[in-house]
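work_22.txt, holding compact mmCIF, C-alpha atoms and all ligand atoms:
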```
# COMPACT_ATOMS: atom_id res chain seq x y z
CA MET G 1 97.54 104.53 102.49
CA ASP G 2 97.63 107.39 99.99
CA GLY G 3 95.16 105.51 97.80
CA GLU G 4 92.69 105.16 100.66
CA ILE G 5 92.78 108.85 101.44
CA ARG G 6 92.36 109.83 97.80
CA VAL G 7 89.33 107.58 97.36
CA SER G 8 87.73 109.10 100.47
CA ILE G 9 88.29 112.65 99.24
CA VAL G 10 86.69 111.87 95.88
CA LYS G 11 83.60 110.54 97.64
CA VAL G 12 83.37 113.50 99.99
CA SER G 13 83.68 116.04 97.17
CA PHE G 14 81.00 114.22 95.18
CA VAL G 15 78.59 114.52 98.09
CA HIS G 16 79.62 118.12 98.70
CA ASN G 17 78.98 119.07 95.05
CA ASN G 18 75.65 117.36 95.15
CA PHE G 19 74.64 119.39 98.20
CA ARG G 20 75.86 122.65 96.71
CA THR G 21 73.79 122.10 93.57
CA THR G 22 70.56 121.53 95.48
CA GLY G 23 71.57 124.21 98.03
CA ALA G 24 71.31 126.84 95.29
CA ILE G 25 67.53 126.51 95.41
CA ASN G 26 66.13 128.67 98.23
CA LEU G 27 65.46 125.90 100.77
CA SER G 28 63.95 126.52 104.17
CA LYS G 29 66.32 126.29 107.19
CA GLN G 30 64.78 122.93 108.11
CA GLY G 31 65.20 121.70 104.55
CA ARG G 32 68.83 122.79 104.49
CA GLU G 33 69.50 120.98 107.78
CA MET G 34 67.87 117.83 106.46
CA LYS G 35 70.02 118.01 103.32
CA LEU G 36 73.12 118.61 105.44
CA ASN G 37 72.31 115.69 107.74
CA LEU G 38 71.71 113.47 104.73
CA SER G 39 75.02 114.58 103.22
CA VAL G 40 76.89 113.86 106.45
CA ARG G 41 75.19 110.46 106.77
CA VAL G 42 75.97 109.50 103.18
CA THR G 43 79.56 110.66 103.60
CA VAL G 44 79.98 108.61 106.79
CA MET G 45 78.43 105.58 105.10
CA LEU G 46 80.74 105.93 102.10
CA LEU G 47 83.76 106.34 104.35
CA MET G 48 82.76 103.22 106.32
CA LEU G 49 82.25 101.28 103.10
CA ASN G 50 85.69 102.42 101.97
CA PHE G 51 87.15 101.25 105.30
CA PHE G 52 85.58 97.81 105.07
CA VAL G 53 86.58 97.35 101.45
CA THR G 54 90.16 98.24 102.39
CA ALA G 55 90.27 96.26 105.63
CA PHE G 56 88.91 93.06 104.20
CA ALA G 57 90.30 93.15 100.67
CA GLU G 58 91.30 89.68 99.56
CA SER G 59 95.02 89.00 99.59
CA PRO G 60 96.30 88.19 96.11
CA SER G 61 96.68 84.49 95.40
CA GLY G 62 100.25 83.37 94.86
CA MET G 63 101.50 85.28 97.91
CA ARG G 64 104.10 83.35 99.92
CA LEU G 65 106.08 84.04 103.06
CA TYR G 66 109.53 82.43 103.35
CA VAL G 67 111.69 82.28 106.49
CA LEU G 68 115.43 82.61 105.84
CA ASN G 69 118.32 81.98 108.23
CA SER G 70 121.16 84.46 108.78
CA GLY G 71 122.90 82.27 111.36
CA SER G 72 122.72 82.78 115.10
CA LEU G 73 124.21 84.74 118.01
CA SER G 74 125.20 83.81 121.55
CA LEU G 75 124.22 85.91 124.57
CA GLY G 76 122.65 85.85 128.02
CA LYS G 77 118.86 85.77 127.75
CA GLY G 78 118.84 88.56 130.34
CA VAL G 79 120.43 90.91 127.80
CA LEU G 80 117.12 90.79 125.94
CA GLN G 81 114.50 89.88 128.52
CA ASN G 82 114.04 91.54 131.87
CA LEU G 83 115.05 89.37 134.85
CA ALA G 84 116.02 86.39 132.66
CA PRO G 85 119.37 84.73 133.55
CA MET G 86 122.66 85.93 132.00
CA GLU G 87 124.20 82.45 132.39
CA PRO G 88 124.38 80.04 130.75
CA GLN G 89 124.31 81.88 127.45
CA ILE G 90 121.69 80.93 124.89
CA ARG G 91 121.96 80.80 121.11
CA ILE G 92 119.38 82.93 119.31
CA PRO G 93 118.55 82.61 115.62
CA VAL G 94 118.80 85.57 113.25
CA ALA G 95 115.82 85.43 110.90
CA MET G 96 115.12 87.15 107.59
CA PHE G 97 111.88 86.93 105.62
CA VAL G 98 110.89 87.13 101.95
CA ILE G 99 107.33 87.77 100.83
CA LYS G 100 106.40 86.94 97.28
CA HIS G 101 103.62 89.14 95.92
CA PRO G 102 102.32 89.32 92.32
CA LYS G 103 103.66 92.87 92.06
CA GLY G 104 107.13 92.18 93.51
CA ASN G 105 109.19 90.48 96.21
CA VAL G 106 109.76 92.07 99.60
CA LEU G 107 112.69 91.22 101.89
CA PHE G 108 112.21 91.97 105.59
CA ASP G 109 115.61 92.37 107.26
CA THR G 110 118.99 91.57 105.77
CA GLY G 111 120.71 89.70 108.61
CA ASN G 112 124.35 89.87 109.68
CA ASN G 113 126.72 91.49 107.19
CA ASP G 114 128.27 88.73 105.08
CA LYS G 115 131.64 90.46 105.42
CA ILE G 116 132.06 88.66 108.77
CA ILE G 117 132.33 85.35 106.89
CA ASP G 118 135.85 86.26 105.74
CA ASN G 119 136.57 89.21 108.00
CA PRO G 120 135.34 88.81 111.60
CA GLY G 121 137.08 92.09 112.44
CA TYR G 122 134.34 93.92 110.50
CA TRP G 123 132.21 93.58 113.63
CA GLY G 124 134.97 94.74 115.99
CA PRO G 125 134.46 93.48 119.56
CA ASN G 126 130.89 92.39 118.69
CA PHE G 127 132.25 89.29 116.93
CA ALA G 128 133.87 87.83 120.05
CA ALA G 129 130.95 88.95 122.23
CA LEU G 130 128.15 87.49 120.08
CA LYS G 131 129.96 84.51 118.47
CA PRO G 132 127.87 84.61 115.28
CA VAL G 133 127.56 81.62 113.00
CA ASN G 134 129.39 82.92 109.93
CA THR G 135 129.50 79.99 107.54
CA PRO G 136 128.91 80.70 103.80
CA ASP G 137 125.58 78.83 103.83
CA VAL G 138 123.99 81.65 105.84
CA SER G 139 125.06 84.41 103.44
CA ILE G 140 122.14 86.31 101.96
CA GLU G 141 122.91 84.99 98.47
CA SER G 142 122.92 81.37 99.71
CA GLN G 143 119.65 81.90 101.54
CA LEU G 144 117.93 83.59 98.58
CA ALA G 145 119.21 80.77 96.33
CA ARG G 146 117.10 78.36 98.40
CA ILE G 147 114.04 79.98 96.82
CA ASN G 148 115.70 80.49 93.41
CA MET G 149 116.20 84.20 93.92
CA THR G 150 119.15 86.59 93.77
CA PRO G 151 119.33 90.07 95.34
CA ASP G 152 118.13 91.50 92.01
CA ASP G 153 114.83 89.62 92.40
CA ILE G 154 113.99 91.68 95.49
CA THR G 155 111.81 94.71 94.69
CA TYR G 156 111.68 96.24 98.19
CA VAL G 157 114.00 95.78 101.16
CA VAL G 158 112.30 96.70 104.44
CA VAL G 159 114.48 96.86 107.57
CA SER G 160 113.00 96.47 111.02
CA HIS G 161 115.94 98.62 112.17
CA MET G 162 119.63 99.10 111.43
CA HIS G 163 121.24 97.02 114.22
CA LEU G 164 124.05 94.77 113.02
CA ASP G 165 121.89 91.62 112.85
CA HIS G 166 119.08 93.23 110.80
CA GLY G 167 120.57 95.91 108.56
CA GLY G 168 123.86 94.11 107.86
CA ASN G 169 123.41 93.47 104.16
CA VAL G 170 121.40 96.54 103.09
CA GLY G 171 124.28 97.50 100.79
CA LYS G 172 123.85 94.33 98.72
CA PHE G 173 120.66 95.48 96.96
CA PRO G 174 121.63 98.27 94.56
CA ASN G 175 118.65 97.51 92.30
CA SER G 176 116.00 97.24 95.02
CA THR G 177 114.24 100.05 96.90
CA LEU G 178 115.08 100.30 100.60
CA VAL G 179 112.12 101.23 102.83
CA ILE G 180 113.39 102.90 105.99
CA GLN G 181 112.35 105.60 108.46
CA ARG G 182 114.37 108.81 108.17
CA ASP G 183 115.05 108.92 111.91
CA GLU G 184 116.37 105.34 111.85
CA ILE G 185 118.93 105.95 109.13
CA GLU G 186 120.08 109.16 110.82
CA TYR G 187 120.19 107.54 114.25
CA ALA G 188 122.06 104.49 112.98
CA MET G 189 124.89 106.73 111.86
CA PHE G 190 124.97 108.81 115.05
CA PRO G 191 123.09 107.22 117.96
CA ASP G 192 123.00 108.32 121.60
CA GLU G 193 125.83 107.16 123.81
CA PRO G 194 124.51 103.92 125.33
CA PHE G 195 123.25 102.58 122.01
CA ALA G 196 126.13 102.98 119.56
CA GLY G 197 127.63 99.48 119.91
CA ALA G 198 124.90 97.60 118.04
CA PHE G 199 125.13 99.76 114.90
CA ILE G 200 128.00 99.11 112.46
CA PRO G 201 128.98 102.41 110.77
CA GLY G 202 130.12 100.49 107.66
CA ASP G 203 126.61 99.05 107.15
CA VAL G 204 125.11 102.55 107.06
CA ALA G 205 127.97 104.06 105.05
CA GLU G 206 127.18 101.73 102.14
CA LEU G 207 123.87 103.56 101.71
CA ARG G 208 125.54 106.96 101.27
CA SER G 209 126.41 108.27 97.82
CA GLY G 210 129.92 109.40 96.85
CA ILE G 211 131.41 112.80 97.56
CA GLY G 212 130.01 115.64 95.47
CA ILE G 213 126.80 113.83 94.46
CA LYS G 214 123.70 115.87 95.33
CA LYS G 215 121.46 112.88 96.07
CA PRO G 216 122.56 111.48 99.46
CA ASN G 217 121.45 107.87 99.01
CA ALA G 218 123.56 105.43 97.01
CA VAL G 219 120.65 103.02 96.47
CA PRO G 220 116.98 103.68 95.64
CA MET G 221 115.14 104.50 98.87
CA LEU G 222 111.69 105.27 100.20
CA VAL G 223 112.55 107.32 103.27
CA LEU G 224 109.46 107.41 105.49
CA GLU G 225 108.75 110.42 107.69
CA LYS G 226 107.38 108.77 110.85
CA THR G 227 104.66 106.96 108.95
CA ASP G 228 103.36 103.58 107.78
CA LEU G 229 103.37 102.36 104.18
CA ASP G 230 100.99 100.01 102.35
CA ILE G 231 103.60 98.82 99.83
CA PHE G 232 101.38 97.58 96.99
CA ARG G 233 98.27 99.60 97.96
CA ASP G 234 96.22 96.46 98.56
CA GLY G 235 96.70 95.98 102.31
CA ALA G 236 98.69 92.77 101.74
CA ILE G 237 102.11 94.03 102.90
CA VAL G 238 102.10 97.04 105.21
CA VAL G 239 105.09 98.66 106.92
CA LYS G 240 104.13 99.67 110.46
CA ARG G 241 106.26 102.27 112.19
CA ALA G 242 107.28 101.05 115.66
CA ARG G 243 109.55 103.34 117.68
CA GLY G 244 110.72 101.46 120.75
CA HIS G 245 113.70 99.14 120.40
CA THR G 246 115.30 101.82 118.20
CA LYS G 247 114.32 105.32 117.16
CA GLY G 248 112.76 104.49 113.78
CA GLY G 249 111.85 100.81 114.06
CA GLN G 250 109.36 99.10 111.77
CA MET G 251 107.22 95.96 111.85
CA LEU G 252 105.64 94.39 108.78
CA ILE G 253 102.02 93.28 108.44
CA VAL G 254 101.69 90.42 105.94
CA ARG G 255 98.16 89.34 104.99
CA LEU G 256 98.40 85.90 103.38
CA PRO G 257 95.47 84.32 101.49
CA ASN G 258 95.41 81.06 103.50
CA THR G 259 97.49 81.60 106.63
CA GLY G 260 95.89 84.97 107.37
CA THR G 261 97.65 87.93 108.94
CA VAL G 262 101.21 87.53 110.19
CA ILE G 263 103.12 90.36 111.86
CA LEU G 264 106.89 90.28 111.45
CA THR G 265 108.13 91.96 114.60
CA GLY G 266 111.87 92.41 114.06
CA ASP G 267 113.13 93.27 117.56
CA ALA G 268 109.90 95.07 118.51
CA ALA G 269 109.38 91.72 120.32
CA TYR G 270 112.34 89.39 120.90
CA PHE G 271 110.48 86.39 122.29
CA ARG G 272 106.87 85.25 122.03
CA ASP G 273 106.53 85.54 125.82
CA ASN G 274 107.26 89.26 125.72
CA VAL G 275 103.93 89.79 123.98
CA THR G 276 101.75 86.99 125.31
CA LYS G 277 102.85 87.32 128.96
CA SER G 278 103.66 91.05 128.92
CA ILE G 279 107.28 90.51 129.96
CA PRO G 280 109.24 93.73 129.38
CA PRO G 281 112.59 93.64 127.56
CA ASN G 282 115.87 94.55 129.20
CA ILE G 283 116.17 98.31 129.09
CA ALA G 284 119.78 98.04 127.83
CA LEU G 285 118.70 97.98 124.18
CA ALA G 286 115.49 99.98 124.54
CA TYR G 287 115.55 103.43 122.94
CA ASP G 288 111.95 104.08 124.06
CA PRO G 289 110.80 101.48 126.65
CA ALA G 290 107.20 102.72 126.71
CA GLY G 291 107.14 102.50 122.90
CA ILE G 292 108.10 98.83 123.14
CA LEU G 293 105.17 98.15 125.48
CA ARG G 294 102.85 100.02 123.10
CA GLY G 295 104.19 97.75 120.34
CA TYR G 296 103.21 94.65 122.37
CA GLU G 297 99.76 96.14 122.90
CA TRP G 298 99.37 96.83 119.18
CA ILE G 299 100.33 93.21 118.34
CA ARG G 300 97.73 91.95 120.83
CA TYR G 301 95.16 94.28 119.26
CA MET G 302 95.94 92.81 115.83
CA MET G 303 95.61 89.29 117.26
CA ALA G 304 92.22 90.15 118.72
CA SER G 305 90.86 92.19 115.84
CA GLU G 306 91.88 90.12 112.83
CA GLY G 307 93.21 86.86 114.25
CA ALA G 308 96.81 87.82 113.48
CA ASP G 309 99.80 85.70 114.42
CA PHE G 310 103.28 87.17 114.88
CA PHE G 311 106.73 85.94 113.89
CA THR G 312 109.73 87.06 115.93
CA SER G 313 113.32 87.07 114.65
CA HIS G 314 115.23 85.73 117.67
CA ASP G 315 113.02 83.32 119.66
CA PRO G 316 114.88 79.97 119.52
CA GLU G 317 111.86 77.74 120.20
CA VAL G 318 109.63 79.58 117.78
CA PHE G 319 112.29 79.62 115.07
CA LYS G 320 112.71 75.85 115.38
CA ALA G 321 109.03 75.41 114.57
CA TYR G 322 108.95 77.71 111.50
CA ARG G 323 108.74 76.24 108.02
CA LYS G 324 112.15 77.20 106.60
CA ALA G 325 112.77 78.14 102.97
CA PRO G 326 112.20 76.60 100.49
CA GLU G 327 109.07 75.63 102.48
CA TYR G 328 106.66 78.54 102.87
CA TYR G 329 103.45 79.96 104.31
CA ASP G 330 100.80 80.97 101.80
ZN ZN G 401 118.14 91.71 116.64
```
As structure tokens - that is how I would like this structure written.
Amino acid sequence: MDGEIRVSIVKVSFVHNNFRTTGAINLSKQGREMKLNLSVRVTVMLLMLNFFVTAFAESPSGMRLYVLNSGSLSLGKGVLQNLAPMEPQIRIPVAMFVIKHPKGNVLFDTGNNDKIIDNPGYWGPNFAALKPVNTPDVSIESQLARINMTPDDITYVVVSHMHLDHGGNVGKFPNSTLVIQRDEIEYAMFPDEPFAGAFIPGDVAELRSGIGIKKPNAVPMLVLEKTDLDIFRDGAIVVKRARGHTKGGQMLIVRLPNTGTVILTGDAAYFRDNVTKSIPPNIALAYDPAGILRGYEWIRYMMASEGADFFTSHDPEVFKAYRKAPEYYD
């Protein structure tokens, strides 16, 4: 994003200097207007060219998208989707994703905290309520091992949000850079009253440095101020801010060389139907309900404008159909 803006400014200043040089000659008013119009036209053309180069840059070969499994949860579908039944309960998957890029590996979401494998009490009443699968094979290390990676192989960790099933293992990547919105990390520690239950204070506390240290974060972080981020400056992996489900939510745009554009939604869309049939979520977990609907609209725009597909984290039918790591999308 920064790169795009810088390139545009260079082009504009080139045109501006060019005009100023010729403008020093005593041109007639008509001549000056013609020069100005030409300058504006050239600037617009250069900006458009810049846009097209950026928008349709080729994704680097060797990119891969892996789907990892952080277990599953049990709940009434109505908890997530408006007017859906609460009984019988359904089991929803908890997905994580790794994107391999020539310049580094990006993890999108960190799943349930692995502490619940040995210590279910870490989740308090959430453990009994959600009945998570907590076998060692769904730990983040076991899942990364399926693609011959360890946490140290991850360059950037991007969290869709800090709820217990997405931000659980953020503390396990001391050598990676966490990409998170400032309002999400603040809100996760101290949310409004109806929303506190889905954040685990211990998950957030692991990101905080020790007492007396001036730098607040214990791990490297890119704290975004209500903005998007093109991670490798090539349009291939772009963090998209998405306030809705939580205060500082994020989606991830992944532009793969063969598969094309895939949007990883996190909980900006729970089920495929939410987006394709415009079914609103249950308001119980919606920080900004209108923001969620705007998120659906944005996904549909991406589908229409660049043939994007989208991958949800919790849709049981969709998850069944994914290629699971070590298989991949390229
Ligand atoms: Zn979730």
List as a PDB file with C-alpha atoms, keeping the file's coordinate frame the protein and nucleic acid residues near stretch 244-251 of chain G, meaning an atom at most 10 Å away when only C-alpha atoms are counted, but skip any in the same chain fewer than 6 places from it.
```
ATOM      1  CA  PHE G 108     112.210  91.970 105.590  1.00  0.00           C
ATOM      2  CA  VAL G 158     112.300  96.700 104.440  1.00  0.00           C
ATOM      3  CA  VAL G 159     114.480  96.860 107.570  1.00  0.00           C
ATOM      4  CA  SER G 160     113.000  96.470 111.020  1.00  0.00           C
ATOM      5  CA  HIS G 161     115.940  98.620 112.170  1.00  0.00           C
ATOM      6  CA  MET G 162     119.630  99.100 111.430  1.00  0.00           C
ATOM      7  CA  HIS G 163     121.240  97.020 114.220  1.00  0.00           C
ATOM      8  CA  VAL G 179     112.120 101.230 102.830  1.00  0.00           C
ATOM      9  CA  ILE G 180     113.390 102.900 105.990  1.00  0.00           C
ATOM     10  CA  GLN G 181     112.350 105.600 108.460  1.00  0.00           C
ATOM     11  CA  ARG G 182     114.370 108.810 108.170  1.00  0.00           C
ATOM     12  CA  ASP G 183     115.050 108.920 111.910  1.00  0.00           C
ATOM     13  CA  GLU G 184     116.370 105.340 111.850  1.00  0.00           C
ATOM     14  CA  ILE G 185     118.930 105.950 109.130  1.00  0.00           C
ATOM     15  CA  GLU G 186     120.080 109.160 110.820  1.00  0.00           C
ATOM     16  CA  TYR G 187     120.190 107.540 114.250  1.00  0.00           C
ATOM     17  CA  ALA G 188     122.060 104.490 112.980  1.00  0.00           C
ATOM     18  CA  PRO G 191     123.090 107.220 117.960  1.00  0.00           C
ATOM     19  CA  PHE G 195     123.250 102.580 122.010  1.00  0.00           C
ATOM     20  CA  LEU G 224     109.460 107.410 105.490  1.00  0.00           C
ATOM     21  CA  GLU G 225     108.750 110.420 107.690  1.00  0.00           C
ATOM     22  CA  LYS G 226     107.380 108.770 110.850  1.00  0.00           C
ATOM     23  CA  THR G 227     104.660 106.960 108.950  1.00  0.00           C
ATOM     24  CA  ASP G 228     103.360 103.580 107.780  1.00  0.00           C
ATOM     25  CA  VAL G 238     102.100  97.040 105.210  1.00  0.00           C
ATOM     26  CA  ILE G 263     103.120  90.360 111.860  1.00  0.00           C
ATOM     27  CA  LEU G 264     106.890  90.280 111.450  1.00  0.00           C
ATOM     28  CA  THR G 265     108.130  91.960 114.600  1.00  0.00           C
ATOM     29  CA  GLY G 266     111.870  92.410 114.060  1.00  0.00           C
ATOM     30  CA  ASP G 267     113.130  93.270 117.560  1.00  0.00           C
ATOM     31  CA  ALA G 268     109.900  95.070 118.510  1.00  0.00           C
ATOM     32  CA  ALA G 269     109.380  91.720 120.320  1.00  0.00           C
ATOM     33  CA  TYR G 270     112.340  89.390 120.900  1.00  0.00           C
ATOM     34  CA  PRO G 281     112.590  93.640 127.560  1.00  0.00           C
ATOM     35  CA  ILE G 283     116.170  98.310 129.090  1.00  0.00           C
ATOM     36  CA  ALA G 284     119.780  98.040 127.830  1.00  0.00           C
ATOM     37  CA  LEU G 285     118.700  97.980 124.180  1.00  0.00           C
ATOM     38  CA  ALA G 286     115.490  99.980 124.540  1.00  0.00           C
ATOM     39  CA  TYR G 287     115.550 103.430 122.940  1.00  0.00           C
ATOM     40  CA  ASP G 288     111.950 104.080 124.060  1.00  0.00           C
ATOM     41  CA  PRO G 289     110.800 101.480 126.650  1.00  0.00           C
ATOM     42  CA  ALA G 290     107.200 102.720 126.710  1.00  0.00           C
ATOM     43  CA  GLY G 291     107.140 102.500 122.900  1.00  0.00           C
ATOM     44  CA  ILE G 292     108.100  98.830 123.140  1.00  0.00           C
ATOM     45  CA  LEU G 293     105.170  98.150 125.480  1.00  0.00           C
ATOM     46  CA  ARG G 294     102.850 100.020 123.100  1.00  0.00           C
ATOM     47  CA  GLY G 295     104.190  97.750 120.340  1.00  0.00           C
ATOM     48  CA  ILE G 299     100.330  93.210 118.340  1.00  0.00           C
TER      49      ILE G 299
END
```
**OP:** Fewer than 4 positions away in the same chain doesn't count, so skip those; otherwise give me all residues within 10 Å of G:Asp315, counting only C-alpha atoms, as a list in words.
**Re:** Arg91, Ile92, Pro93, Val94, Ala95, Ala269, Tyr270, Phe271, Arg272, Asp273, Phe311, Phe319 and Lys320 of chain G
**OP:** Give the answer as one residue: which of G:Thr155, G:Asn134, G:Asn169, G:Ser59 has the shortest atom-to-atom distance to G:Leu256, using only C-alpha atoms?
**Re:**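 Closest candidate: G:Ser59.
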Original post:
With only C-alpha atoms as the basis for distance, which of G:His314, G:His166, G:Met149, G:Ile253 is at the shortest distance from G:Ser74?
Top reply: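 Looking at the shortest contact to G:Ser74, the residue is G:His314.
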Subject >> Point-to-point distance from atom CA of G:Glu327 to atom CA of G:Gly104, Å rounded to tenths >> reply: 18.9 Å
**OP:** Return the single residue from G:Glu193, G:Glu206, G:Asp109, G:Glu87 that is closest to ligand ZN 401 (chain G), with distances computed using only C-alpha atoms and all ligand atoms.
**Re:**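 So, comparing all the options, the nearest one is G:Asp109.
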**OP:** Give me, please, the distance in Å between atom CA of G:Ile99 and atom CA of G:Gly307, quoted to one decimal.
**Re:**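 A separation of 19.5 Å between them.
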**OP:** Tell me which protein, DNA and RNA residues are within 9 Å of G:Pro136, counting all atoms listed in the file, leaving out same-chain ones fewer than 6 positions away, and put them as an MDAnalysis selection string.
**Re:** chainID G and resid 114 117 142
C-alpha atoms of the current selection, written as an mmCIF file, in the coordinates of the input:
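Saved file result08.cif follows:
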```cif
data_model
loop_
_atom_site.group_PDB
_atom_site.id
_atom_site.type_symbol
_atom_site.label_atom_id
_atom_site.label_comp_id
_atom_site.auth_asym_id
_atom_site.auth_seq_id
_atom_site.Cartn_x
_atom_site.Cartn_y
_atom_site.Cartn_z
ATOM 1 C CA ASP G 114 128.270 88.730 105.080
ATOM 2 C CA ILE G 117 132.330 85.350 106.890
ATOM 3 C CA SER G 142 122.920 81.370 99.710
#
```
Original post:
What is the distance, in Å and to one decimal place, between atom CA of G:Met303 and atom CA of G:Tyr328?
Top reply: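 Going from atom CA of G:Met303 over to atom CA of G:Tyr328, I get 21.1 Å.
Considering the residues G:Asp118, G:Asp153, G:Asp137, G:Asp165 and counting all atoms listed in the file, ligand ZN 401 (chain G) has its shortest atom-to-atom contact with G:Asp165.
With distances taken over all atoms listed in the file, G:Phe199 is the one residue among G:Phe232, G:Tyr122, G:Tyr156, G:Phe199 lying closest to ligand ZN 401 (chain G).
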**OP:** Please identify all polymer residues within 12 Å of G:Thr259, counting only C-alpha atoms, omitting same-chain residues fewer than 6 positions from it, and present them as a list in words.
**Re:**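 Everything that qualifies: Ser59, Ser61, Met63, Arg64, Leu65, Glu306, Gly307, Ala308, Asp309, Phe310, Tyr328, Tyr329 and Asp330 of chain G.
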Original post:
In terms of the shortest atom-to-atom distance over only C-alpha atoms and all ligand atoms, which of G:Gly212, G:Pro280, G:Gly71, G:Pro201 is closest to ligand ZN 401 (chain G)?
Top reply: G:Gly71
Could stretch 235-256 of chain G be completed with N, CA and C atoms and written as a PDB file, in the coordinates of the input, please?
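Final output, rebuild30.pdb:
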```
ATOM      1  N   GLY G 235      96.798  96.443 100.932  1.00  0.00           N
ATOM      2  CA  GLY G 235      96.700  95.980 102.310  1.00  0.00           C
ATOM      3  C   GLY G 235      97.440  94.690 102.584  1.00  0.00           C
ATOM      4  N   ALA G 236      98.080  94.100 101.572  1.00  0.00           N
ATOM      5  CA  ALA G 236      98.690  92.770 101.740  1.00  0.00           C
ATOM      6  C   ALA G 236     100.036  92.827 102.465  1.00  0.00           C
ATOM      7  N   ILE G 237     100.793  93.892 102.252  1.00  0.00           N
ATOM      8  CA  ILE G 237     102.110  94.030 102.900  1.00  0.00           C
ATOM      9  C   ILE G 237     102.235  95.483 103.365  1.00  0.00           C
ATOM     10  N   VAL G 238     102.156  95.683 104.675  1.00  0.00           N
ATOM     11  CA  VAL G 238     102.100  97.040 105.210  1.00  0.00           C
ATOM     12  C   VAL G 238     103.237  97.262 106.211  1.00  0.00           C
ATOM     13  N   VAL G 239     104.028  98.285 105.974  1.00  0.00           N
ATOM     14  CA  VAL G 239     105.090  98.660 106.920  1.00  0.00           C
ATOM     15  C   VAL G 239     104.440  99.438 108.056  1.00  0.00           C
ATOM     16  N   LYS G 240     104.726  99.016 109.293  1.00  0.00           N
ATOM     17  CA  LYS G 240     104.130  99.670 110.460  1.00  0.00           C
ATOM     18  C   LYS G 240     105.258 100.304 111.291  1.00  0.00           C
ATOM     19  N   ARG G 241     105.241 101.598 111.385  1.00  0.00           N
ATOM     20  CA  ARG G 241     106.260 102.270 112.190  1.00  0.00           C
ATOM     21  C   ARG G 241     106.154 101.821 113.647  1.00  0.00           C
ATOM     22  N   ALA G 242     107.302 101.556 114.286  1.00  0.00           N
ATOM     23  CA  ALA G 242     107.280 101.050 115.660  1.00  0.00           C
ATOM     24  C   ALA G 242     108.501 101.563 116.427  1.00  0.00           C
ATOM     25  N   ARG G 243     108.452 102.818 116.842  1.00  0.00           N
ATOM     26  CA  ARG G 243     109.550 103.340 117.680  1.00  0.00           C
ATOM     27  C   ARG G 243     109.528 102.632 119.022  1.00  0.00           C
ATOM     28  N   GLY G 244     110.656 102.157 119.460  1.00  0.00           N
ATOM     29  CA  GLY G 244     110.720 101.460 120.750  1.00  0.00           C
ATOM     30  C   GLY G 244     112.122 100.904 120.936  1.00  0.00           C
ATOM     31  N   HIS G 245     112.375  99.757 120.324  1.00  0.00           N
ATOM     32  CA  HIS G 245     113.700  99.140 120.400  1.00  0.00           C
ATOM     33  C   HIS G 245     114.751 100.109 119.849  1.00  0.00           C
ATOM     34  N   THR G 246     114.457 100.731 118.721  1.00  0.00           N
ATOM     35  CA  THR G 246     115.300 101.820 118.200  1.00  0.00           C
ATOM     36  C   THR G 246     114.413 103.006 117.844  1.00  0.00           C
ATOM     37  N   LYS G 247     115.050 104.065 117.378  1.00  0.00           N
ATOM     38  CA  LYS G 247     114.320 105.320 117.160  1.00  0.00           C
ATOM     39  C   LYS G 247     113.291 105.217 116.035  1.00  0.00           C
ATOM     40  N   GLY G 248     113.682 104.578 114.930  1.00  0.00           N
ATOM     41  CA  GLY G 248     112.760 104.490 113.780  1.00  0.00           C
ATOM     42  C   GLY G 248     112.505 103.055 113.380  1.00  0.00           C
ATOM     43  N   GLY G 249     112.102 102.230 114.337  1.00  0.00           N
ATOM     44  CA  GLY G 249     111.850 100.810 114.060  1.00  0.00           C
ATOM     45  C   GLY G 249     110.609 100.607 113.206  1.00  0.00           C
ATOM     46  N   GLN G 250     110.525  99.432 112.604  1.00  0.00           N
ATOM     47  CA  GLN G 250     109.360  99.100 111.770  1.00  0.00           C
ATOM     48  C   GLN G 250     108.999  97.627 111.968  1.00  0.00           C
ATOM     49  N   MET G 251     107.697  97.338 111.962  1.00  0.00           N
ATOM     50  CA  MET G 251     107.220  95.960 111.850  1.00  0.00           C
ATOM     51  C   MET G 251     106.608  95.814 110.462  1.00  0.00           C
ATOM     52  N   LEU G 252     106.256  94.587 110.095  1.00  0.00           N
ATOM     53  CA  LEU G 252     105.640  94.390 108.780  1.00  0.00           C
ATOM     54  C   LEU G 252     104.383  93.540 108.951  1.00  0.00           C
ATOM     55  N   ILE G 253     103.262  94.058 108.448  1.00  0.00           N
ATOM     56  CA  ILE G 253     102.020  93.280 108.440  1.00  0.00           C
ATOM     57  C   ILE G 253     101.954  92.551 107.105  1.00  0.00           C
ATOM     58  N   VAL G 254     101.795  91.221 107.164  1.00  0.00           N
ATOM     59  CA  VAL G 254     101.690  90.420 105.940  1.00  0.00           C
ATOM     60  C   VAL G 254     100.356  89.694 105.967  1.00  0.00           C
ATOM     61  N   ARG G 255      99.483  90.008 105.014  1.00  0.00           N
ATOM     62  CA  ARG G 255      98.160  89.340 104.990  1.00  0.00           C
ATOM     63  C   ARG G 255      98.180  88.280 103.897  1.00  0.00           C
ATOM     64  N   LEU G 256      98.284  87.023 104.311  1.00  0.00           N
ATOM     65  CA  LEU G 256      98.400  85.900 103.380  1.00  0.00           C
ATOM     66  C   LEU G 256      97.027  85.315 103.090  1.00  0.00           C
TER      67      LEU G 256
END
```
